[in-house]
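Engineer: Provided below: protein_6.cif, containing mmCIF, C-alpha atoms.
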data_run
loop_
_atom_site.group_PDB
_atom_site.id
_atom_site.type_symbol
_atom_site.label_atom_id
_atom_site.label_comp_id
_atom_site.auth_asym_id
_atom_site.auth_seq_id
_atom_site.Cartn_x
_atom_site.Cartn_y
_atom_site.Cartn_z
ATOM 1 C CA MET A 1 6.116 26.547 -13.747
ATOM 2 C CA LYS A 2 2.683 26.140 -15.321
ATOM 3 C CA LEU A 3 2.734 22.471 -14.341
ATOM 4 C CA LEU A 4 3.436 23.407 -10.712
ATOM 5 C CA ILE A 5 0.419 25.729 -10.647
ATOM 6 C CA TYR A 6 -1.776 22.987 -12.134
ATOM 7 C CA GLY A 7 -0.523 20.692 -9.368
ATOM 8 C CA LEU A 8 -1.341 23.232 -6.679
ATOM 9 C CA VAL A 9 -4.833 23.963 -8.018
ATOM 10 C CA THR A 10 -5.653 20.260 -8.447
ATOM 11 C CA GLY A 11 -4.414 19.601 -4.910
ATOM 12 C CA ILE A 12 -6.558 22.407 -3.483
ATOM 13 C CA ALA A 13 -9.672 20.984 -5.172
ATOM 14 C CA PHE A 14 -8.834 17.467 -4.025
ATOM 15 C CA GLY A 15 -7.968 18.505 -0.446
ATOM 16 C CA PHE A 16 -11.178 20.537 -0.256
ATOM 17 C CA LEU A 17 -13.224 17.470 -1.220
ATOM 18 C CA LEU A 18 -11.296 15.194 1.154
ATOM 19 C CA GLN A 19 -12.189 17.551 3.995
ATOM 20 C CA LYS A 20 -15.839 17.766 2.907
ATOM 21 C CA GLY A 21 -15.974 13.973 2.698
ATOM 22 C CA ARG A 22 -14.735 13.770 6.354
ATOM 23 C CA VAL A 23 -12.020 11.316 5.364
ATOM 24 C CA LEU A 24 -9.105 13.277 6.866
ATOM 25 C CA ARG A 25 -9.807 11.705 10.227
ATOM 26 C CA TYR A 26 -8.103 9.002 12.214
ATOM 27 C CA ASP A 27 -11.545 7.938 13.485
ATOM 28 C CA LYS A 28 -12.831 7.376 9.938
ATOM 29 C CA GLN A 29 -9.710 5.527 8.782
ATOM 30 C CA LEU A 30 -9.577 3.302 11.865
ATOM 31 C CA GLY A 31 -13.365 3.044 11.587
ATOM 32 C CA ALA A 32 -12.949 1.424 8.167
ATOM 33 C CA LEU A 33 -10.151 -0.882 9.355
ATOM 34 C CA ARG A 34 -12.360 -1.924 12.277
ATOM 35 C CA LEU A 35 -15.369 -2.346 9.948
ATOM 36 C CA ILE A 36 -17.539 0.030 11.990
ATOM 37 C CA ASP A 37 -17.626 3.175 9.777
ATOM 38 C CA MET A 38 -17.167 2.827 6.032
ATOM 39 C CA THR A 39 -17.113 6.535 5.129
ATOM 40 C CA ILE A 40 -13.687 6.309 3.482
ATOM 41 C CA VAL A 41 -14.684 3.199 1.541
ATOM 42 C CA LYS A 42 -17.739 5.069 0.180
ATOM 43 C CA PHE A 43 -15.566 8.045 -0.744
ATOM 44 C CA MET A 44 -12.812 5.978 -2.358
ATOM 45 C CA PHE A 45 -15.059 3.659 -4.343
ATOM 46 C CA SER A 46 -17.182 6.578 -5.596
ATOM 47 C CA SER A 47 -14.015 8.330 -6.707
ATOM 48 C CA VAL A 48 -12.600 5.220 -8.385
ATOM 49 C CA LEU A 49 -15.839 4.307 -10.179
ATOM 50 C CA VAL A 50 -16.312 7.814 -11.605
ATOM 51 C CA ALA A 51 -12.637 8.157 -12.592
ATOM 52 C CA MET A 52 -12.581 4.649 -14.110
ATOM 53 C CA VAL A 53 -15.432 5.439 -16.497
ATOM 54 C CA GLY A 54 -14.153 8.930 -17.357
ATOM 55 C CA ILE A 55 -10.568 7.911 -17.979
ATOM 56 C CA TYR A 56 -11.446 4.853 -20.073
ATOM 57 C CA LEU A 57 -13.767 7.084 -22.134
ATOM 58 C CA LEU A 58 -10.866 9.477 -22.727
ATOM 59 C CA VAL A 59 -8.620 6.535 -23.659
ATOM 60 C CA GLU A 60 -11.285 5.368 -26.101
ATOM 61 C CA LEU A 61 -11.425 8.851 -27.629
ATOM 62 C CA GLY A 62 -7.642 8.895 -27.964
ATOM 63 C CA GLN A 63 -7.384 11.857 -25.584
ATOM 64 C CA VAL A 64 -5.171 10.254 -22.928
ATOM 65 C CA GLU A 65 -2.962 7.251 -22.320
ATOM 66 C CA LEU A 66 -3.080 5.014 -19.271
ATOM 67 C CA ASP A 67 -0.131 5.259 -16.903
ATOM 68 C CA ILE A 68 0.110 1.696 -15.640
ATOM 69 C CA LYS A 69 2.337 0.604 -12.782
ATOM 70 C CA LYS A 70 3.995 -2.788 -12.887
ATOM 71 C CA THR A 71 2.307 -5.684 -11.137
ATOM 72 C CA ILE A 72 5.043 -7.322 -9.055
ATOM 73 C CA LEU A 73 3.398 -9.742 -6.621
ATOM 74 C CA GLY A 74 6.367 -9.695 -4.198
ATOM 75 C CA GLY A 75 6.343 -5.906 -3.895
ATOM 76 C CA ASN A 76 2.565 -5.598 -4.010
ATOM 77 C CA ILE A 77 1.909 -8.235 -1.349
ATOM 78 C CA VAL A 78 4.792 -7.593 1.065
ATOM 79 C CA GLY A 79 4.545 -3.829 0.544
ATOM 80 C CA GLY A 80 0.781 -3.919 0.931
ATOM 81 C CA LEU A 81 1.002 -5.844 4.199
ATOM 82 C CA LEU A 82 3.600 -3.430 5.579
ATOM 83 C CA PHE A 83 1.507 -0.473 4.468
ATOM 84 C CA GLY A 84 -1.531 -1.922 6.215
ATOM 85 C CA ILE A 85 0.303 -2.431 9.495
ATOM 86 C CA GLY A 86 1.763 1.071 9.408
ATOM 87 C CA TRP A 87 -1.567 2.603 8.388
ATOM 88 C CA GLY A 88 -3.268 0.897 11.345
ATOM 89 C CA PHE A 89 -0.809 2.525 13.756
ATOM 90 C CA LEU A 90 -0.789 5.932 12.097
ATOM 91 C CA GLY A 91 -4.459 6.212 11.113
ATOM 92 C CA TYR A 92 -3.711 8.380 8.075
ATOM 93 C CA CYS A 93 -2.426 7.542 4.594
ATOM 94 C CA PRO A 94 0.208 9.797 2.939
ATOM 95 C CA GLY A 95 -2.182 12.245 1.263
ATOM 96 C CA THR A 96 -4.703 12.361 4.092
ATOM 97 C CA ALA A 97 -1.961 12.959 6.693
ATOM 98 C CA VAL A 98 -1.133 16.239 4.948
ATOM 99 C CA GLY A 99 -4.837 17.114 4.669
ATOM 100 C CA ALA A 100 -5.439 16.213 8.327
ATOM 101 C CA VAL A 101 -2.897 18.855 9.402
ATOM 102 C CA GLY A 102 -4.907 21.292 7.256
ATOM 103 C CA GLU A 103 -7.955 20.787 9.474
ATOM 104 C CA GLY A 104 -5.906 21.056 12.651
ATOM 105 C CA ARG A 105 -5.129 17.409 13.426
ATOM 106 C CA TRP A 106 -1.498 17.954 14.259
ATOM 107 C CA ASP A 107 -0.857 14.401 15.462
ATOM 108 C CA ALA A 108 -0.542 13.707 11.727
ATOM 109 C CA LEU A 109 2.741 15.681 11.768
ATOM 110 C CA TRP A 110 4.371 12.763 13.604
ATOM 111 C CA GLY A 111 3.131 10.520 10.845
ATOM 112 C CA ILE A 112 4.511 12.810 8.133
ATOM 113 C CA ALA A 113 7.914 12.799 9.877
ATOM 114 C CA GLY A 114 7.773 9.007 10.058
ATOM 115 C CA MET A 115 6.832 8.734 6.394
ATOM 116 C CA LEU A 116 9.818 10.879 5.397
ATOM 117 C CA VAL A 117 12.069 8.551 7.392
ATOM 118 C CA GLY A 118 10.357 5.532 5.804
ATOM 119 C CA ALA A 119 11.026 6.947 2.325
ATOM 120 C CA ALA A 120 14.703 7.557 3.163
ATOM 121 C CA LEU A 121 15.048 4.013 4.552
ATOM 122 C CA PHE A 122 13.438 2.630 1.411
ATOM 123 C CA ALA A 123 15.993 4.445 -0.732
ATOM 124 C CA GLU A 124 18.720 2.684 1.304
ATOM 125 C CA ALA A 125 17.057 -0.717 0.993
ATOM 126 C CA PHE A 126 16.130 -0.352 -2.693
ATOM 127 C CA PRO A 127 19.197 -2.080 -4.243
ATOM 128 C CA LEU A 128 18.678 -5.152 -2.043
ATOM 129 C CA LEU A 129 14.904 -5.218 -2.638
ATOM 130 C CA GLN A 130 15.409 -4.888 -6.358
ATOM 131 C CA ARG A 131 17.441 -8.086 -6.355
ATOM 132 C CA THR A 132 14.913 -9.960 -4.186
ATOM 133 C CA VAL A 133 11.291 -9.045 -3.379
ATOM 134 C CA LEU A 134 10.873 -6.876 -6.474
ATOM 135 C CA THR A 135 11.706 -9.788 -8.793
ATOM 136 C CA TRP A 136 9.097 -12.159 -7.335
ATOM 137 C CA GLY A 137 6.061 -12.560 -9.602
ATOM 138 C CA ASP A 138 6.756 -9.756 -12.050
ATOM 139 C CA PHE A 139 3.838 -9.556 -14.495
ATOM 140 C CA GLY A 140 4.862 -6.237 -16.012
ATOM 141 C CA LYS A 141 2.404 -3.487 -16.849
ATOM 142 C CA ILE A 142 -0.929 -5.264 -17.096
ATOM 143 C CA THR A 143 -4.544 -4.241 -16.513
ATOM 144 C CA VAL A 144 -7.466 -6.416 -15.434
ATOM 145 C CA PRO A 145 -9.034 -6.413 -18.940
ATOM 146 C CA GLN A 146 -5.653 -7.356 -20.480
ATOM 147 C CA ALA A 147 -5.129 -10.165 -17.985
ATOM 148 C CA LEU A 148 -8.608 -11.516 -18.772
ATOM 149 C CA GLY A 149 -8.178 -10.878 -22.493
ATOM 150 C CA VAL A 150 -11.451 -8.952 -22.786
ATOM 151 C CA SER A 151 -12.569 -5.408 -23.602
ATOM 152 C CA PRO A 152 -12.443 -2.910 -20.712
ATOM 153 C CA TRP A 153 -16.132 -2.227 -21.411
ATOM 154 C CA LEU A 154 -16.939 -5.723 -20.182
ATOM 155 C CA VAL A 155 -14.969 -5.252 -16.977
ATOM 156 C CA ILE A 156 -16.191 -1.724 -16.172
ATOM 157 C CA PRO A 157 -19.914 -2.623 -15.737
ATOM 158 C CA VAL A 158 -18.900 -5.510 -13.466
ATOM 159 C CA PHE A 159 -16.879 -3.127 -11.266
ATOM 160 C CA ILE A 160 -19.752 -0.633 -11.216
ATOM 161 C CA ALA A 161 -22.269 -3.337 -10.291
ATOM 162 C CA GLY A 162 -19.910 -4.611 -7.568
ATOM 163 C CA GLY A 163 -19.464 -1.083 -6.228
ATOM 164 C CA LEU A 164 -23.182 -0.350 -6.170
ATOM 165 C CA LEU A 165 -23.883 -3.665 -4.479
ATOM 166 C CA LEU A 166 -21.280 -2.793 -1.836
ATOM 167 C CA PHE A 167 -22.859 0.670 -1.332
ATOM 168 C CA TRP A 168 -26.306 -0.897 -0.977
ATOM 169 C CA PHE A 169 -24.953 -3.344 1.601
ATOM 170 C CA LEU A 170 -23.159 -0.613 3.583
ATOM 171 C CA GLU A 171 -26.296 1.542 3.692
ATOM 172 C CA LYS A 172 -28.440 -1.407 4.681
ATOM 173 C CA LYS A 173 -26.094 -2.248 7.545
ATOM 174 C CA ASN A 174 -25.834 1.440 8.443
ATOM 175 C CA LEU A 175 -22.054 1.440 8.182
ATOM 176 C CA MET B 176 -29.084 9.938 2.392
ATOM 177 C CA ASN B 177 -28.278 13.605 2.429
ATOM 178 C CA PHE B 178 -26.858 15.109 -0.745
ATOM 179 C CA LYS B 179 -27.174 18.711 0.390
ATOM 180 C CA PRO B 180 -23.816 20.313 1.159
ATOM 181 C CA GLY B 181 -23.513 22.029 4.505
ATOM 182 C CA HIS B 182 -26.283 20.130 6.219
ATOM 183 C CA ASP B 183 -24.256 18.897 9.170
ATOM 184 C CA ALA B 184 -22.576 20.887 11.908
ATOM 185 C CA ASP B 185 -19.075 20.126 10.575
ATOM 186 C CA GLY B 186 -19.987 21.246 7.061
ATOM 187 C CA GLY B 187 -19.353 17.770 5.725
ATOM 188 C CA TRP B 188 -20.929 16.455 2.546
ATOM 189 C CA ASN B 189 -22.301 13.097 1.642
ATOM 190 C CA PRO B 190 -19.230 10.855 1.138
ATOM 191 C CA TYR B 191 -20.563 9.481 -2.163
ATOM 192 C CA LEU B 192 -20.963 13.010 -3.518
ATOM 193 C CA ALA B 193 -17.552 14.234 -2.300
ATOM 194 C CA GLY B 194 -15.934 11.040 -3.586
ATOM 195 C CA ALA B 195 -17.594 11.259 -7.003
ATOM 196 C CA LEU B 196 -16.540 14.908 -7.333
ATOM 197 C CA SER B 197 -12.961 13.935 -6.459
ATOM 198 C CA GLY B 198 -13.214 11.378 -9.261
ATOM 199 C CA LEU B 199 -14.117 14.234 -11.622
ATOM 200 C CA VAL B 200 -11.079 16.188 -10.402
ATOM 201 C CA SER B 201 -9.000 13.128 -11.215
ATOM 202 C CA ILE B 202 -10.460 12.877 -14.752
ATOM 203 C CA LEU B 203 -9.898 16.582 -15.439
ATOM 204 C CA SER B 204 -6.297 16.343 -14.238
ATOM 205 C CA VAL B 205 -5.535 13.396 -16.510
ATOM 206 C CA TRP B 206 -7.337 14.989 -19.434
ATOM 207 C CA LEU B 207 -6.086 18.564 -19.239
ATOM 208 C CA VAL B 208 -2.651 18.093 -17.687
ATOM 209 C CA GLY B 209 -1.862 14.407 -18.238
ATOM 210 C CA LYS B 210 -1.247 13.871 -14.523
ATOM 211 C CA PHE B 211 -2.612 10.982 -12.452
ATOM 212 C CA LEU B 212 -3.225 11.784 -8.784
ATOM 213 C CA GLY B 213 -0.793 10.443 -6.192
ATOM 214 C CA ALA B 214 1.058 11.495 -3.066
ATOM 215 C CA SER B 215 3.669 9.032 -1.880
ATOM 216 C CA THR B 216 6.355 9.823 -4.490
ATOM 217 C CA THR B 217 6.449 13.318 -3.019
ATOM 218 C CA PHE B 218 7.586 11.882 0.315
ATOM 219 C CA VAL B 219 10.593 10.349 -1.479
ATOM 220 C CA ARG B 220 11.459 13.676 -3.122
ATOM 221 C CA ALA B 221 11.007 15.573 0.163
ATOM 222 C CA ALA B 222 13.064 12.987 2.068
ATOM 223 C CA GLY B 223 15.826 13.351 -0.538
ATOM 224 C CA MET B 224 15.705 17.149 -0.199
ATOM 225 C CA LEU B 225 15.958 16.977 3.599
ATOM 226 C CA GLU B 226 18.648 14.285 3.618
ATOM 227 C CA GLY B 227 20.491 16.343 1.010
ATOM 228 C CA LEU B 228 20.893 19.110 3.592
ATOM 229 C CA VAL B 229 22.985 16.877 5.862
ATOM 230 C CA ALA B 230 24.372 14.191 3.541
ATOM 231 C CA PRO B 231 24.302 15.382 -0.083
ATOM 232 C CA GLU B 232 26.898 12.796 -1.167
ATOM 233 C CA ARG B 233 24.791 9.962 0.190
ATOM 234 C CA VAL B 234 21.685 11.186 -1.631
ATOM 235 C CA ARG B 235 23.588 11.501 -4.921
ATOM 236 C CA SER B 236 24.919 7.956 -4.530
ATOM 237 C CA LEU B 237 21.548 6.283 -4.061
ATOM 238 C CA GLU B 238 19.907 4.949 -7.214
ATOM 239 C CA TYR B 239 16.417 5.504 -5.821
ATOM 240 C CA PHE B 240 17.049 9.238 -5.375
ATOM 241 C CA VAL B 241 18.477 9.394 -8.900
ATOM 242 C CA LYS B 242 15.297 7.758 -10.231
ATOM 243 C CA THR B 243 13.064 9.929 -8.038
ATOM 244 C CA ALA B 244 15.045 13.152 -7.913
ATOM 245 C CA PRO B 245 14.781 15.447 -4.866
ATOM 246 C CA LYS B 246 12.970 18.307 -6.577
ATOM 247 C CA ILE B 247 9.634 20.093 -6.516
ATOM 248 C CA ASP B 248 7.369 18.826 -9.308
ATOM 249 C CA TRP B 249 3.665 18.659 -10.197
ATOM 250 C CA GLN B 250 2.852 16.086 -7.488
ATOM 251 C CA TRP B 251 4.829 17.981 -4.834
ATOM 252 C CA MET B 252 2.591 20.989 -5.422
ATOM 253 C CA PHE B 253 -0.464 18.709 -5.525
ATOM 254 C CA VAL B 254 0.385 17.571 -1.986
ATOM 255 C CA VAL B 255 0.874 21.180 -0.828
ATOM 256 C CA GLY B 256 -2.514 21.886 -2.421
ATOM 257 C CA ILE B 257 -4.169 19.089 -0.419
ATOM 258 C CA PHE B 258 -3.053 20.857 2.756
ATOM 259 C CA LEU B 259 -4.331 24.229 1.534
ATOM 260 C CA GLY B 260 -7.634 22.858 0.193
ATOM 261 C CA ALA B 261 -8.345 21.027 3.454
ATOM 262 C CA LEU B 262 -7.452 24.170 5.399
ATOM 263 C CA MET B 263 -9.787 26.320 3.273
ATOM 264 C CA SER B 264 -12.655 23.863 3.565
ATOM 265 C CA ALA B 265 -12.177 23.470 7.329
ATOM 266 C CA VAL B 266 -11.846 27.193 8.064
ATOM 267 C CA THR B 267 -14.780 28.285 5.890
ATOM 268 C CA SER B 268 -17.072 25.626 7.371
ATOM 269 C CA GLY B 269 -15.997 26.349 10.943
ATOM 270 C CA SER B 270 -14.712 22.806 11.446
ATOM 271 C CA PHE B 271 -11.039 23.723 11.847
ATOM 272 C CA ARG B 272 -9.800 22.859 15.330
ATOM 273 C CA TRP B 273 -6.335 22.150 16.714
ATOM 274 C CA ARG B 274 -6.458 18.628 18.050
ATOM 275 C CA ALA B 275 -3.583 16.738 19.621
ATOM 276 C CA LEU B 276 -5.408 13.417 19.804
ATOM 277 C CA PRO B 277 -8.124 11.757 17.703
ATOM 278 C CA ASP B 278 -11.384 11.029 19.583
ATOM 279 C CA MET B 279 -11.237 7.277 19.071
ATOM 280 C CA TRP B 280 -7.620 7.211 20.247
ATOM 281 C CA GLU B 281 -8.434 9.263 23.366
ATOM 282 C CA GLU B 282 -11.296 6.938 24.254
ATOM 283 C CA ARG B 283 -8.895 4.019 24.165
ATOM 284 C CA PHE B 284 -5.665 5.506 25.563
ATOM 285 C CA GLY B 285 -6.864 8.498 27.595
ATOM 286 C CA ALA B 286 -6.037 12.207 27.406
ATOM 287 C CA HIS B 287 -2.484 11.775 28.675
ATOM 288 C CA SER B 288 -1.222 9.671 25.817
ATOM 289 C CA ARG B 289 0.428 12.246 23.562
ATOM 290 C CA SER B 290 3.869 10.606 23.685
ATOM 291 C CA ARG B 291 2.376 7.245 22.841
ATOM 292 C CA ARG B 292 0.434 8.829 19.989
ATOM 293 C CA ALA B 293 3.648 10.442 18.687
ATOM 294 C CA LEU B 294 5.476 7.114 18.865
ATOM 295 C CA TYR B 295 2.706 5.127 17.167
ATOM 296 C CA ALA B 296 2.123 7.732 14.476
ATOM 297 C CA PHE B 297 5.845 8.113 13.742
ATOM 298 C CA GLY B 298 6.526 4.370 13.716
ATOM 299 C CA GLY B 299 3.363 3.663 11.750
ATOM 300 C CA GLY B 300 4.272 6.330 9.210
ATOM 301 C CA THR B 301 7.760 4.869 8.770
ATOM 302 C CA VAL B 302 6.464 1.340 8.121
ATOM 303 C CA ALA B 303 3.540 2.529 5.972
ATOM 304 C CA MET B 304 5.725 4.583 3.639
ATOM 305 C CA PHE B 305 8.327 1.809 3.327
ATOM 306 C CA GLY B 306 5.520 -0.572 2.344
ATOM 307 C CA ALA B 307 3.865 1.923 0.002
ATOM 308 C CA ARG B 308 7.126 2.394 -1.888
ATOM 309 C CA MET B 309 7.738 -1.331 -2.040
ATOM 310 C CA ALA B 310 4.308 -1.808 -3.637
ATOM 311 C CA ASP B 311 5.050 1.198 -5.888
ATOM 312 C CA GLY B 312 1.841 2.892 -4.786
#
Using structure tokens, write down the structure that the file contains.
Structural biologist:
Amino acid sequence: MKLLIYGLVTGIAFGFLLQKGRVLRYDKQLGALRLIDMTIVKFMFSSVLVAMVGIYLLVELGQVELDIKKTILGGNIVGGLLFGIGWGFLGYCPGTAVGAVGEGRWDALWGIAGMLVGAALFAEAFPLLQRTVLTWGDFGKITVPQALGVSPWLVIPVFIAGGLLLFWFLEKKNL
Amino acid sequence: MNFKPGHDADGGWNPYLAGALSGLVSILSVWLVGKFLGASTTFVRAAGMLEGLVAPERVRSLEYFVKTAPKIDWQWMFVVGIFLGALMSAVTSGSFRWRALPDMWEERFGAHSRSRRALYAFGGGTVAMFGARMADG
């Protein structure tokens, strides 16, 4: 019960910030895919950079453990391509579709219905996929620092520098 | 760049600021509750709950619904919270508005394209979620 309340409170904070960041919009999401408005890229990269530093600090302090998903090239690549095509048609990702309804964009309801159907279809296809696509290029649970065989604190500054360089470029080009 | 909240007519904030704050929310969640943020697993649970209303046997027989059980958990409530948080932010900043069509869409397809929008959004959602689950994201 306590866990459910934590979930709700965290979601409220996150949804509030998504709305403030103006990312719950088809126009912003398609804007990024069309390379004409990078608002969601700025939001996402800022979020990732801050969380990356904070969570690795907590790992270092022994406060938390990473929850790493498996890298399976077949699933990541084929799934990623399918996600991209679907996202281009829908104009919302799963979390932002729910948030978009919260600011009155009810076309996202069609997307939510579609995503529920997509999840049900995936459950049907799972046994077949598990024997095929999800066996192609299985690298297990690895991180970038592990794959490179270096400390995370070498990789993190590179990601931060890359992110800041991207932000500088986006501002310069007025995207 | 404008870092002052509430500067614009829609009450929006600088995307870097809002994004960085959402990163802090993410850190706090992992630290205090041990939960990483995510949304798409909830669509599997919700789909299992809905399908369970019409075909409970089918849902019980599918390995994927055994692995990702149709129940309300932390992330399910997180997704409900996203809706509520967005609603609160939109209402309190006066930017809440019922909209059937996105502006960019309407420019391209016109005001009488609601059925097409429904079809594209539904089909896109179906493909996107199938892909998201395949990539385990």
Engineer: What lies within 12 Å of Lys69 of chain A using all atoms listed in the file, ignoring chain neighbours under 4 positions off, as a PyMOL selection string?
Structural biologist: (chain A and resi 75-76+138-143) or (chain B and resi 211+310-312)
Engineer: Could you expand the PyMOL selection byres ((chain B and resi 222) around 12) into the explicit residues it covers here, written as a PyMOL selection string?
Structural biologist: (chain A and resi 112-124) or (chain B and resi 215-221+223-231+234+239-240+243-247+251+301+304)
Engineer: Grab the atom CA of Arg233 of chain B to atom CA of Arg131 of chain A distance for me, in Å with one decimal place.
Structural biologist: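 Atom CA of Arg131 of chain A lies at a distance of 20.6 Å from atom CA of Arg233 of chain B.
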Engineer: For Ala275 of chain B, which of A:Gly104, A:Gly149, A:Gly31, A:Gly95 is the closest residue, counting only C-alpha atoms?
Structural biologist: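 Of A:Gly104, A:Gly149, A:Gly31, A:Gly95, the one nearest Ala275 of chain B is A:Gly104, counting only C-alpha atoms.
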Engineer: Given the file shown, enumerate the residues that the PyMOL selection byres ((chain A and resi 66) around 10) captures and present them as a list of chain:residue names.
Structural biologist: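 Selection result, ordered by chain and number: A:Ile55, A:Tyr56, A:Leu58, A:Val59, A:Val64, A:Glu65, A:Asp67, A:Ile68, A:Lys69, A:Thr143, B:Val205, B:Gly209, B:Phe211.
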Engineer: For C-alpha atoms, I'd like the residues from the last selection saved as a PDB file, in the coordinates of the input.
Structural biologist:
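Ended up saving to again-v2.pdb:
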ATOM      1  CA  ILE A  55     -10.568   7.911 -17.979  1.00  0.00           C
ATOM      2  CA  TYR A  56     -11.446   4.853 -20.073  1.00  0.00           C
ATOM      3  CA  LEU A  58     -10.866   9.477 -22.727  1.00  0.00           C
ATOM      4  CA  VAL A  59      -8.620   6.535 -23.659  1.00  0.00           C
ATOM      5  CA  VAL A  64      -5.171  10.254 -22.928  1.00  0.00           C
ATOM      6  CA  GLU A  65      -2.962   7.251 -22.320  1.00  0.00           C
ATOM      7  CA  ASP A  67      -0.131   5.259 -16.903  1.00  0.00           C
ATOM      8  CA  ILE A  68       0.110   1.696 -15.640  1.00  0.00           C
ATOM      9  CA  LYS A  69       2.337   0.604 -12.782  1.00  0.00           C
ATOM     10  CA  THR A 143      -4.544  -4.241 -16.513  1.00  0.00           C
TER      11      THR A 143
ATOM     12  CA  VAL B 205      -5.535  13.396 -16.510  1.00  0.00           C
ATOM     13  CA  GLY B 209      -1.862  14.407 -18.238  1.00  0.00           C
ATOM     14  CA  PHE B 211      -2.612  10.982 -12.452  1.00  0.00           C
TER      15      PHE B 211
END
Engineer: Given the choices B:Ala195, B:Gly213, B:Gly269, B:His287, which gets closest to chain A if the distance is worked out from all atoms listed in the file?
Structural biologist: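 Of the candidates, the smallest distance to chain A is held by B:Ala195.
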Engineer: What does the distance from atom CA of Arg272 of chain B to atom CA of Arg105 of chain A come to in Å, to one decimal?
Structural biologist: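 Spanning atom CA of Arg272 of chain B to atom CA of Arg105 of chain A is a straight-line distance of 7.4 Å.
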